[in-house]
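**Student:** Handing you this structure, nothing more for now.
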Amino acid sequence: MTKRLVQGNEAVLLGAVKAGASYFCGYPISPSSEILAQASVYASRHPEFRFLQAEDEIASANAILGASLAGAKSFTATSGPGFSLMQEAIGYGHKVGIPCVIVNVMRVGPGTGMPTMPAQGDLNQARYGSTGDYTSFVFYPSTVAECYEYAIHSFNAAEESRSPVILLSDGFLGHLNEVADLDAVDLPIVPRTLEPLASGGTRLFSGVATYPDGEPATADADEFIRQFHESRDHRVKVAERYAFYEYGWNKDAETLVIAYGITRRIAQPLAAHFALFRPIRIWPTLDKELTEVAARYRKIIVIEGSDGQYANVVERMLLRRVERVPLLGGRMSLEAIREGLALIGMLPAELAPSGSESPAPAR
Amino acid sequence: MAVKDKLKTHLFPTIWCPGCGIGLIMQQLATVMDELGMDKNNTVLVTGIGCTGRMGAYMNFESVYTLHGRTLPVAEAIKMVRPELHVIVVSGDGDIASIGGNHLLHSIRRNPNITVVCNNNEIYGLTGGQTGPTTPRGTSTISSPAGSAYTPINLQGVVNTNPNAYYAKTTVYHQGPMRKAIREAIGWPGFSFVDVASQCIENNGRRIGFASANDMLQHYRTEYKAAPAGSKHLEPHQLGIVKGEPVAVAGPPPGDGSGE
């Protein structure tokens with residue numbers, strides 16, 4: 001039992017190592033660079049863990065695909081702009097069926113944006129960033145301990161789904177230091193499911209549409225549809241085992257707040273006045289779970305660090321309008337939430353501005 | 001063991017055009033692999049996008065048919081995780097030197113123990129015949145009808161910024177030297193690059209005046225000459241091998257090699 005101060009980014013690395021990761025390839029980018037740096041230090045002390053700082057994010061994302069095919073649980077870490085560069089490789093991983101983990105510690109965009117300010121604006125990119133149709137697994141923790149736990153869940157989901165799993169974080173959570181007892185986390189580790197390269201077969205791992213024997217199938221819609229349904233159905237089924245969310249605060253309140261990642265922590269002082277639904281598995285969406293919870297509430301407010309990326313998803317899921325409190329430009333604070341609630345006439349009188357803006361301690 | 005066992009002959013005829021140079025490369029590569037005892041248990045192919053990339057499907061090995069330009073990051077990672085495997089990259093000029101150019105620049109610095117066989121047909125063939133990074137200046141192509149405007153990339157120069165690399169220039173006509181170059185490259189400790197001039201009759205040759213694939217192939221006989229023995233540098237249109245200082249390669253360094 002060792003409680004100690006741990007940083008969010010550090011916890012992600014420790015979780016990856018616990019899950020059995022043995023290959024990291026990345027490129028420096030704020031606010032994720034601690035993961036790269038600590039992976040490098042870890043590698044220098046543990047020769048079985050391979051590390052490479054590559055020339056760019058494109059090389060990093062492709063390298064972890066190769067490493068995974070070769071037999072290593074592999075991962076990379078980046079932020080929004082680097083995540084954009086990795087999209088082609090992510091799509092390739094979905095097409096070919098390669099388990100790996102991509103950590104995206106989000107910051108304000110678009111473009112180079114505000115490199116050190118937290119945001120939650122990559123939800124759409126995490127789901128739809130690459131070309132074509134595929135089933136994205138995306139997890140987003142809210143505490144440093146959860147950064148560790150969901151790193152492990154990400155590697156497990158990657159193995160079961162045979163796809164690249166996205167672990168979201170943000171510039172606030174990544175740099176947050178909390179006391180945690182990571183040794184107390186006891187999660188099963190899913191072993192490797194993909195037979196490594198050169199194990200006796202002559203498989204072709206192809207991004208181009210092919211028949212199972214390797215012949216090009218680039219004009220066969222029936223074959224495409226067959227393969228597409230097979231992989232989608234498999235992944236949707238796996239997702240059912242990873243339906244993580246939190247439903248709490250004041251369940252008898254009239255209004256439901258939906259918040260996730262660091263926003264859920266910043267919004268904690270609202271707990272007496274609202275119910276909370278916090279998705280931890282962002283994609284695939286928690287349709288069944290959220291629909292059931294949302295039915296009990298007259299109003300829903302989505303508080304998030306973007307211009308309504310998850311609010312739009314909720315509206316489509318529930319076929320009803322929601323209220324929005326966007327936290328933009330890195331201003332992710334209780335004060336900003338109060339202002340946002342006041343703007344839509346939903347700030348409880350008791351929460352009118354008073355003093356401290358720091359996030360509430362972990363539950 | 002026979003050369004035939006390295007090829008998935010049940011998938012023949014291949015998708016390549018009659019007269020394509022790629023088949024000549026595949027044949028010599030398979031021959032060398034057979035000589036060296038390379039098989040599906042000790043060798044992995046990594047191929048790029050373009051007609052050349054289709055080679056993996058026709059060979060009796062595991063192969064990774066990567067995204068365009070990304071063979072080198074994938075190959076290096078495979079080699080780092082499984083240093084005991086032969087990792088052979090088979091790629092075209094556009095894939096390795098245009099979209100893949102940045103990776104080439106940096107793989108060179110890292111000197112991974114992998115071998116690149118480049119089908120250098122000086123064109124983007126699969127997409128119809130656009131100018132590529134090695135297309136000679138002034139060549140009429142689909143995207144440069146008035147003649148390609150820029151100086152081709154200096155592949156030899158890029159590779160030889162690594163003082164420990166192996167670079168060979170050969171052609172699909174010169175089958176014996178090509179075989180020798182591939183054999184030496186595979187055995188080379190560190191980065192090795194075999195630059196094979198090759199013909200694309202359908203989407204390049206006809207447009208620039210060759211009547212047939214055989215004409216293009218025979219043309220290499222006169223267009224290229226062997227460099228003087230011991231040359232440290234190959235001039236344009238010279239065939240030969242430039243070897244850097246071989247390093248002792250005994251698997252990857254622990255972690256990132258920085259130590260603590």
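Residues in the structure tokens are named by chain (A, B, ... in the order shown) and by number from 1 within that chain; ligands are numbered from 1 in the order shown.
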Could you write out as a CSV table (one decimal) with N, CA and C atoms, in the first residue's frame the residues of chain B within 9 Å of chain A, counting only C-alpha atoms?
**Tutor:**
```csv
chain,number,residue,atom,x,y,z
B,11,LEU,N,-1.0,-17.6,-57.1
B,11,LEU,CA,-1.7,-16.3,-57.4
B,11,LEU,C,-1.3,-15.7,-58.7
B,15,ILE,N,-0.6,-9.0,-61.0
B,15,ILE,CA,-1.4,-7.9,-61.4
B,15,ILE,C,-0.6,-6.9,-62.3
B,39,ASP,N,13.3,-17.4,-44.8
B,39,ASP,CA,12.0,-18.0,-45.0
B,39,ASP,C,11.0,-17.2,-44.1
B,40,LYS,N,9.8,-17.7,-44.1
B,40,LYS,CA,8.7,-17.0,-43.4
B,40,LYS,C,8.9,-17.0,-41.9
B,41,ASN,N,9.8,-17.8,-41.4
B,41,ASN,CA,10.0,-17.8,-39.9
B,41,ASN,C,11.1,-16.8,-39.5
B,42,ASN,N,11.9,-16.3,-40.5
B,42,ASN,CA,13.0,-15.4,-40.1
B,42,ASN,C,13.1,-14.1,-40.8
B,43,THR,N,12.0,-13.9,-41.7
B,43,THR,CA,12.0,-12.7,-42.6
B,43,THR,C,10.7,-12.1,-42.7
B,44,VAL,N,10.6,-10.8,-42.7
B,44,VAL,CA,9.4,-10.0,-42.9
B,44,VAL,C,9.6,-9.0,-44.0
B,49,ILE,N,3.2,1.8,-51.0
B,49,ILE,CA,2.0,1.9,-51.8
B,49,ILE,C,2.5,2.2,-53.2
B,54,ARG,N,2.7,-4.2,-54.2
B,54,ARG,CA,1.9,-5.4,-54.3
B,54,ARG,C,2.8,-6.7,-54.2
B,56,GLY,N,4.5,-7.9,-51.8
B,56,GLY,CA,4.3,-8.7,-50.6
B,56,GLY,C,3.3,-9.9,-50.7
B,57,ALA,N,2.2,-9.6,-51.5
B,57,ALA,CA,1.2,-10.5,-51.6
B,57,ALA,C,1.6,-11.8,-52.4
B,58,TYR,N,2.6,-11.6,-53.2
B,58,TYR,CA,3.1,-12.7,-54.1
B,58,TYR,C,4.2,-13.5,-53.5
B,59,MET,N,4.7,-13.1,-52.3
B,59,MET,CA,5.8,-13.9,-51.8
B,59,MET,C,5.4,-14.6,-50.5
B,60,ASN,N,6.1,-15.7,-50.3
B,60,ASN,CA,5.7,-16.6,-49.2
B,60,ASN,C,6.3,-16.2,-47.9
B,61,PHE,N,6.0,-15.0,-47.5
B,61,PHE,CA,6.5,-14.4,-46.2
B,61,PHE,C,5.3,-13.7,-45.6
B,62,GLU,N,5.5,-13.3,-44.3
B,62,GLU,CA,4.5,-12.4,-43.7
B,62,GLU,C,4.9,-11.0,-44.3
B,63,SER,N,4.0,-10.2,-44.7
B,63,SER,CA,4.3,-8.9,-45.1
B,63,SER,C,3.3,-7.9,-44.7
B,64,VAL,N,3.8,-6.7,-44.5
B,64,VAL,CA,3.0,-5.5,-44.1
B,64,VAL,C,2.9,-4.6,-45.2
B,65,TYR,N,1.7,-4.4,-45.7
B,65,TYR,CA,1.4,-3.5,-46.9
B,65,TYR,C,1.0,-2.2,-46.3
B,66,THR,N,2.0,-1.3,-46.1
B,66,THR,CA,1.8,-0.1,-45.3
B,66,THR,C,1.0,1.0,-45.9
B,67,LEU,N,0.9,2.1,-45.2
B,67,LEU,CA,0.4,3.4,-45.8
B,67,LEU,C,1.5,4.0,-46.7
B,70,ARG,N,5.3,5.1,-45.6
B,70,ARG,CA,5.5,4.8,-44.1
B,70,ARG,C,6.2,3.5,-43.9
B,71,THR,N,6.9,2.9,-44.9
B,71,THR,CA,7.5,1.7,-44.7
B,71,THR,C,8.6,1.8,-43.7
B,72,LEU,N,9.4,2.8,-43.7
B,72,LEU,CA,10.6,2.9,-42.8
B,72,LEU,C,10.2,2.9,-41.3
B,73,PRO,N,9.3,3.8,-40.9
B,73,PRO,CA,8.9,3.7,-39.5
B,73,PRO,C,8.4,2.3,-39.1
B,74,VAL,N,7.6,1.7,-39.9
B,74,VAL,CA,7.1,0.4,-39.6
B,74,VAL,C,8.2,-0.6,-39.5
B,75,ALA,N,9.1,-0.6,-40.5
B,75,ALA,CA,10.2,-1.6,-40.6
B,75,ALA,C,11.1,-1.4,-39.4
B,76,GLU,N,11.4,-0.1,-39.1
B,76,GLU,CA,12.3,0.1,-37.9
B,76,GLU,C,11.8,-0.4,-36.6
B,77,ALA,N,10.5,-0.2,-36.5
B,77,ALA,CA,9.8,-0.7,-35.2
B,77,ALA,C,9.8,-2.2,-35.2
B,78,ILE,N,9.5,-2.9,-36.3
B,78,ILE,CA,9.6,-4.3,-36.3
B,78,ILE,C,11.0,-4.8,-35.9
B,79,LYS,N,12.0,-4.2,-36.5
B,79,LYS,CA,13.4,-4.6,-36.2
B,79,LYS,C,13.7,-4.4,-34.8
B,80,MET,N,13.2,-3.3,-34.2
B,80,MET,CA,13.5,-3.0,-32.8
B,80,MET,C,12.9,-4.0,-31.9
B,81,VAL,N,11.7,-4.4,-32.2
B,81,VAL,CA,11.0,-5.4,-31.3
B,81,VAL,C,11.5,-6.8,-31.6
B,82,ARG,N,11.9,-7.1,-32.8
B,82,ARG,CA,12.3,-8.5,-33.2
B,82,ARG,C,13.7,-8.4,-33.9
B,85,LEU,N,14.9,-10.9,-36.7
B,85,LEU,CA,14.3,-11.0,-38.1
B,85,LEU,C,15.1,-10.2,-39.1
B,102,ASN,N,11.0,12.3,-45.5
B,102,ASN,CA,11.4,12.7,-44.1
B,102,ASN,C,11.8,11.4,-43.3
B,103,HIS,N,11.1,10.3,-43.5
B,103,HIS,CA,11.5,9.1,-42.8
B,103,HIS,C,12.8,8.6,-43.3
B,106,HIS,N,15.6,10.4,-41.6
B,106,HIS,CA,15.8,10.1,-40.2
B,106,HIS,C,16.2,8.7,-40.0
B,252,PRO,N,19.5,-4.1,-30.8
B,252,PRO,CA,19.2,-2.7,-30.5
B,252,PRO,C,19.8,-2.4,-29.1
B,253,PRO,N,20.1,-1.2,-28.8
B,253,PRO,CA,20.6,-0.8,-27.5
B,253,PRO,C,19.4,-0.9,-26.5
B,254,PRO,N,19.7,-1.1,-25.2
B,254,PRO,CA,18.6,-1.1,-24.3
B,254,PRO,C,17.8,0.2,-24.3
B,255,GLY,N,16.5,0.2,-24.3
B,255,GLY,CA,15.7,1.4,-24.2
B,255,GLY,C,16.1,2.3,-25.3
B,256,ASP,N,16.5,3.5,-25.0
B,256,ASP,CA,16.9,4.5,-26.0
B,256,ASP,C,18.4,4.6,-26.1
B,257,GLY,N,19.1,3.8,-25.4
B,257,GLY,CA,20.5,3.8,-25.5
B,257,GLY,C,21.2,4.9,-24.6
B,258,SER,N,20.4,5.8,-24.0
B,258,SER,CA,20.9,6.9,-23.3
B,258,SER,C,21.6,6.5,-22.0
B,259,GLY,N,21.1,5.4,-21.4
B,259,GLY,CA,21.6,5.0,-20.1
B,259,GLY,C,21.2,5.9,-19.0
B,260,GLU,N,21.6,5.7,-17.8
B,260,GLU,CA,21.2,6.6,-16.7
B,260,GLU,C,22.3,6.9,-15.8
```
**Student:** Compile the contact shell of range 172-189 of chain B as a list in words: residues with an atom at most 6 Å away, counting only C-alpha atoms, same-chain residues fewer than 6 positions apart removed.
**Tutor:**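 Everything that qualifies: Gln28, Val32, Asn113, Thr115, Ser198, Leu217 and Val249 of chain B.
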**Student:** For the selection just defined, write its residues with C-alpha atoms to a file, as a tab-separated table (two decimals), in the first residue's frame.
**Tutor:**
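Contents of the output file again.tsv:
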```tsv
chain	number	residue	atom	x	y	z
B	28	GLN	CA	16.05	-11.88	-58.14
B	32	VAL	CA	18.74	-14.36	-53.14
B	113	ASN	CA	19.83	-2.96	-39.69
B	115	THR	CA	17.47	-3.45	-46.28
B	198	SER	CA	13.33	-0.29	-63.61
B	217	LEU	CA	14.96	-2.79	-70.82
B	249	VAL	CA	25.45	-4.60	-35.05
```
**Student:** If you run DSSP over the backbone, which residues in range 32-164 of chain A end up helix (DSSP H, G or I)? Put them as a VMD selection string.
**Tutor:** chain A and resid 33 to 45 57 to 70 80 to 85 87 to 96 123 to 128 144 to 161
**Student:** Would you mind listing what lies within 8 Å of range 322-330 of chain A as a ChimeraX atom specification, with only C-alpha atoms counted and same-chain residues fewer than 4 positions away left out?
**Tutor:** /A:107-108,114,117-119,299-308,311,314-315,336-337,340-341,344
**Student:** Take the selection from the previous step and output its residues with N, CA and C atoms, as a PDB file, in the first residue's frame.
**Tutor:**
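Done, and the output landed in part09.pdb:
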```pdb
ATOM      1  N   ARG A 107      -5.468  19.968 -25.804  1.00  0.00           N
ATOM      2  CA  ARG A 107      -5.217  21.375 -25.539  1.00  0.00           C
ATOM      3  C   ARG A 107      -6.093  22.200 -26.458  1.00  0.00           C
ATOM      4  N   VAL A 108      -6.099  23.530 -26.269  1.00  0.00           N
ATOM      5  CA  VAL A 108      -6.975  24.389 -27.069  1.00  0.00           C
ATOM      6  C   VAL A 108      -6.500  24.442 -28.520  1.00  0.00           C
ATOM      7  N   MET A 114      -3.468  26.903 -28.273  1.00  0.00           N
ATOM      8  CA  MET A 114      -2.899  27.340 -26.997  1.00  0.00           C
ATOM      9  C   MET A 114      -2.249  26.109 -26.364  1.00  0.00           C
ATOM     10  N   MET A 117      -2.881  25.162 -22.590  1.00  0.00           N
ATOM     11  CA  MET A 117      -4.207  25.354 -21.989  1.00  0.00           C
ATOM     12  C   MET A 117      -5.097  24.154 -22.280  1.00  0.00           C
ATOM     13  N   PRO A 118      -5.812  23.684 -21.265  1.00  0.00           N
ATOM     14  CA  PRO A 118      -6.614  22.470 -21.421  1.00  0.00           C
ATOM     15  C   PRO A 118      -7.865  22.700 -22.270  1.00  0.00           C
ATOM     16  N   ALA A 119      -8.315  21.664 -22.927  1.00  0.00           N
ATOM     17  CA  ALA A 119      -9.549  21.721 -23.705  1.00  0.00           C
ATOM     18  C   ALA A 119     -10.066  20.307 -23.900  1.00  0.00           C
ATOM     19  N   LYS A 299     -34.438  18.657 -17.583  1.00  0.00           N
ATOM     20  CA  LYS A 299     -33.441  19.434 -18.332  1.00  0.00           C
ATOM     21  C   LYS A 299     -32.071  18.765 -18.238  1.00  0.00           C
ATOM     22  N   ILE A 300     -31.321  19.014 -19.278  1.00  0.00           N
ATOM     23  CA  ILE A 300     -29.948  18.496 -19.321  1.00  0.00           C
ATOM     24  C   ILE A 300     -29.015  19.645 -19.684  1.00  0.00           C
ATOM     25  N   ILE A 301     -27.919  19.742 -18.950  1.00  0.00           N
ATOM     26  CA  ILE A 301     -26.886  20.730 -19.289  1.00  0.00           C
ATOM     27  C   ILE A 301     -25.587  19.972 -19.557  1.00  0.00           C
ATOM     28  N   VAL A 302     -24.984  20.248 -20.706  1.00  0.00           N
ATOM     29  CA  VAL A 302     -23.681  19.636 -20.992  1.00  0.00           C
ATOM     30  C   VAL A 302     -22.612  20.701 -20.793  1.00  0.00           C
ATOM     31  N   ILE A 303     -21.739  20.462 -19.833  1.00  0.00           N
ATOM     32  CA  ILE A 303     -20.642  21.395 -19.537  1.00  0.00           C
ATOM     33  C   ILE A 303     -19.358  20.762 -20.077  1.00  0.00           C
ATOM     34  N   GLU A 304     -18.688  21.434 -21.009  1.00  0.00           N
ATOM     35  CA  GLU A 304     -17.498  20.817 -21.610  1.00  0.00           C
ATOM     36  C   GLU A 304     -16.559  21.859 -22.191  1.00  0.00           C
ATOM     37  N   GLY A 305     -15.325  21.428 -22.384  1.00  0.00           N
ATOM     38  CA  GLY A 305     -14.282  22.328 -22.902  1.00  0.00           C
ATOM     39  C   GLY A 305     -14.247  22.360 -24.418  1.00  0.00           C
ATOM     40  N   SER A 306     -15.412  22.570 -25.022  1.00  0.00           N
ATOM     41  CA  SER A 306     -15.480  22.693 -26.483  1.00  0.00           C
ATOM     42  C   SER A 306     -16.786  23.385 -26.838  1.00  0.00           C
ATOM     43  N   ASP A 307     -16.976  23.656 -28.103  1.00  0.00           N
ATOM     44  CA  ASP A 307     -18.195  24.320 -28.553  1.00  0.00           C
ATOM     45  C   ASP A 307     -19.314  23.296 -28.755  1.00  0.00           C
ATOM     46  N   GLY A 308     -19.482  22.416 -27.756  1.00  0.00           N
ATOM     47  CA  GLY A 308     -20.615  21.505 -27.792  1.00  0.00           C
ATOM     48  C   GLY A 308     -20.425  20.200 -28.544  1.00  0.00           C
ATOM     49  N   ALA A 311     -22.295  17.721 -26.503  1.00  0.00           N
ATOM     50  CA  ALA A 311     -23.691  18.162 -26.465  1.00  0.00           C
ATOM     51  C   ALA A 311     -24.403  17.753 -27.761  1.00  0.00           C
ATOM     52  N   VAL A 314     -25.117  14.084 -27.617  1.00  0.00           N
ATOM     53  CA  VAL A 314     -26.222  13.772 -26.698  1.00  0.00           C
ATOM     54  C   VAL A 314     -27.561  14.085 -27.353  1.00  0.00           C
ATOM     55  N   GLU A 315     -27.622  15.225 -28.007  1.00  0.00           N
ATOM     56  CA  GLU A 315     -28.894  15.606 -28.653  1.00  0.00           C
ATOM     57  C   GLU A 315     -29.301  14.583 -29.694  1.00  0.00           C
ATOM     58  N   ALA A 336     -15.893  30.108 -14.512  1.00  0.00           N
ATOM     59  CA  ALA A 336     -16.379  30.064 -15.891  1.00  0.00           C
ATOM     60  C   ALA A 336     -17.665  29.243 -15.989  1.00  0.00           C
ATOM     61  N   ILE A 337     -17.753  28.170 -15.203  1.00  0.00           N
ATOM     62  CA  ILE A 337     -18.974  27.361 -15.199  1.00  0.00           C
ATOM     63  C   ILE A 337     -20.138  28.171 -14.638  1.00  0.00           C
ATOM     64  N   GLY A 340     -21.287  30.579 -17.163  1.00  0.00           N
ATOM     65  CA  GLY A 340     -22.007  29.886 -18.228  1.00  0.00           C
ATOM     66  C   GLY A 340     -23.415  29.492 -17.810  1.00  0.00           C
ATOM     67  N   LEU A 341     -23.554  29.034 -16.584  1.00  0.00           N
ATOM     68  CA  LEU A 341     -24.878  28.657 -16.083  1.00  0.00           C
ATOM     69  C   LEU A 341     -25.771  29.890 -15.957  1.00  0.00           C
ATOM     70  N   ILE A 344     -27.370  31.018 -19.182  1.00  0.00           N
ATOM     71  CA  ILE A 344     -28.550  30.278 -19.657  1.00  0.00           C
ATOM     72  C   ILE A 344     -29.617  30.214 -18.588  1.00  0.00           C
TER      73      ILE A 344
END
```
**Student:** How far is it from CA of Pro269 in chain A to CA of Tyr150 in chain A, in Å with one decimal?
**Tutor:** 24.7 Å
**Student:** So, with only C-alpha atoms as the atoms that count, which of B:Gly50, B:Gly138, B:Gly101, B:Gly190 lies closest to Tyr124 in chain B?
**Tutor:**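 Comparing B:Gly50, B:Gly138, B:Gly101, B:Gly190 against Tyr124 in chain B, the winner is B:Gly50.
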**Student:** Residues at most 8 Å from Val101 in chain A, counting only C-alpha atoms, excluding those fewer than 3 positions away in the same chain, as a list in words?
**Tutor:**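 Skipping anything fewer than 3 positions along the chain leaves Ser74, Phe75, Thr76, Ser154, Phe155, Ala158, Pro164, Val165, Ile166 and Leu167 of chain A.
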**Student:** Save out the residues we just selected, N, CA and C atoms, as a PDB file, in the first residue's frame.
**Tutor:**
```pdb
ATOM      1  N   SER A  74       2.025  -1.704 -27.692  1.00  0.00           N
ATOM      2  CA  SER A  74       2.689  -0.450 -28.035  1.00  0.00           C
ATOM      3  C   SER A  74       1.769   0.746 -27.834  1.00  0.00           C
ATOM      4  N   PHE A  75       2.380   1.921 -27.614  1.00  0.00           N
ATOM      5  CA  PHE A  75       1.578   3.122 -27.466  1.00  0.00           C
ATOM      6  C   PHE A  75       2.385   4.362 -27.786  1.00  0.00           C
ATOM      7  N   THR A  76       1.644   5.439 -27.984  1.00  0.00           N
ATOM      8  CA  THR A  76       2.246   6.738 -28.208  1.00  0.00           C
ATOM      9  C   THR A  76       1.439   7.767 -27.427  1.00  0.00           C
ATOM     10  N   SER A 154      -7.560   0.625 -21.541  1.00  0.00           N
ATOM     11  CA  SER A 154      -7.313   0.917 -22.964  1.00  0.00           C
ATOM     12  C   SER A 154      -6.534  -0.201 -23.626  1.00  0.00           C
ATOM     13  N   PHE A 155      -5.473  -0.665 -22.954  1.00  0.00           N
ATOM     14  CA  PHE A 155      -4.690  -1.760 -23.544  1.00  0.00           C
ATOM     15  C   PHE A 155      -5.525  -3.037 -23.634  1.00  0.00           C
ATOM     16  N   ALA A 158      -7.915  -2.666 -26.453  1.00  0.00           N
ATOM     17  CA  ALA A 158      -7.174  -2.754 -27.722  1.00  0.00           C
ATOM     18  C   ALA A 158      -6.972  -4.205 -28.124  1.00  0.00           C
ATOM     19  N   PRO A 164      -6.873   0.298 -32.630  1.00  0.00           N
ATOM     20  CA  PRO A 164      -6.207   1.365 -31.869  1.00  0.00           C
ATOM     21  C   PRO A 164      -7.207   2.020 -30.932  1.00  0.00           C
ATOM     22  N   VAL A 165      -6.895   2.064 -29.652  1.00  0.00           N
ATOM     23  CA  VAL A 165      -7.778   2.672 -28.658  1.00  0.00           C
ATOM     24  C   VAL A 165      -7.224   4.036 -28.276  1.00  0.00           C
ATOM     25  N   ILE A 166      -8.122   5.008 -28.169  1.00  0.00           N
ATOM     26  CA  ILE A 166      -7.712   6.363 -27.814  1.00  0.00           C
ATOM     27  C   ILE A 166      -7.941   6.598 -26.326  1.00  0.00           C
ATOM     28  N   LEU A 167      -6.903   7.023 -25.626  1.00  0.00           N
ATOM     29  CA  LEU A 167      -7.054   7.417 -24.222  1.00  0.00           C
ATOM     30  C   LEU A 167      -6.938   8.938 -24.191  1.00  0.00           C
TER      31      LEU A 167
END
```
**Student:** List every residue of range 20-96 of chain A that DSSP, applied to the backbone, labels as strand (DSSP E or B), and write the result as a ChimeraX atom specification.
**Tutor:** /A:21-26,50-53,73-78
**Student:** Applying 10 Å and only C-alpha atoms, which residues near Ala267 in chain A remain after dropping the ones on its own chain fewer than 3 positions away? List them as a compact mmCIF listing (two decimals) with N, CA and C atoms, in the first residue's frame.
**Tutor:**
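And here is the file that came out, result_38.txt:
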```txt
# COMPACT_ATOMS: atom_id res chain seq x y z
N VAL A 257 -26.65 17.22 -15.12
CA VAL A 257 -25.44 17.77 -15.72
C VAL A 257 -24.67 16.62 -16.35
N ALA A 259 -20.95 15.96 -17.67
CA ALA A 259 -19.58 16.51 -17.70
C ALA A 259 -18.62 15.34 -17.62
N TYR A 260 -17.42 15.52 -18.19
CA TYR A 260 -16.47 14.41 -18.27
C TYR A 260 -15.06 14.96 -18.19
N ILE A 262 -11.69 16.46 -16.92
CA ILE A 262 -11.38 17.40 -15.84
C ILE A 262 -12.58 18.26 -15.49
N THR A 263 -13.50 18.46 -16.43
CA THR A 263 -14.67 19.31 -16.18
C THR A 263 -15.52 18.75 -15.04
N ARG A 264 -15.61 17.41 -14.97
CA ARG A 264 -16.39 16.79 -13.92
C ARG A 264 -15.82 17.16 -12.55
N LEU A 270 -21.15 21.78 -7.76
CA LEU A 270 -22.55 21.79 -8.20
C LEU A 270 -23.32 20.58 -7.67
N ALA A 271 -22.63 19.67 -7.02
CA ALA A 271 -23.18 18.34 -6.74
C ALA A 271 -24.49 18.33 -5.96
N LEU A 276 -25.61 14.03 -11.94
CA LEU A 276 -24.46 13.98 -12.85
C LEU A 276 -24.46 12.68 -13.63
N ILE A 303 -21.74 20.46 -19.83
CA ILE A 303 -20.64 21.40 -19.54
C ILE A 303 -19.36 20.76 -20.08
N MET A 332 -11.02 26.85 -17.98
CA MET A 332 -11.81 25.75 -17.42
C MET A 332 -11.77 25.89 -15.91
N SER A 333 -12.74 26.60 -15.37
CA SER A 333 -12.76 26.92 -13.94
C SER A 333 -14.19 26.94 -13.44
N LEU A 334 -14.34 26.88 -12.12
CA LEU A 334 -15.67 26.95 -11.52
C LEU A 334 -16.33 28.29 -11.83
N GLU A 335 -15.50 29.35 -11.84
CA GLU A 335 -16.01 30.68 -12.16
C GLU A 335 -16.61 30.69 -13.57
N ILE A 337 -17.75 28.17 -15.20
CA ILE A 337 -18.97 27.36 -15.20
C ILE A 337 -20.14 28.17 -14.64
N ARG A 338 -19.89 28.90 -13.54
CA ARG A 338 -20.97 29.71 -12.95
C ARG A 338 -21.46 30.74 -13.95
N GLU A 357 -11.98 29.10 -6.66
CA GLU A 357 -12.26 28.51 -7.98
C GLU A 357 -11.54 27.18 -8.19
N SER A 358 -10.84 26.70 -7.15
CA SER A 358 -10.05 25.48 -7.38
C SER A 358 -10.96 24.27 -7.47
N PRO A 359 -10.56 23.25 -8.23
CA PRO A 359 -11.41 22.06 -8.36
C PRO A 359 -11.53 21.33 -7.04
N ALA A 360 -12.64 20.66 -6.87
CA ALA A 360 -12.87 19.92 -5.62
C ALA A 360 -11.91 18.74 -5.53
```
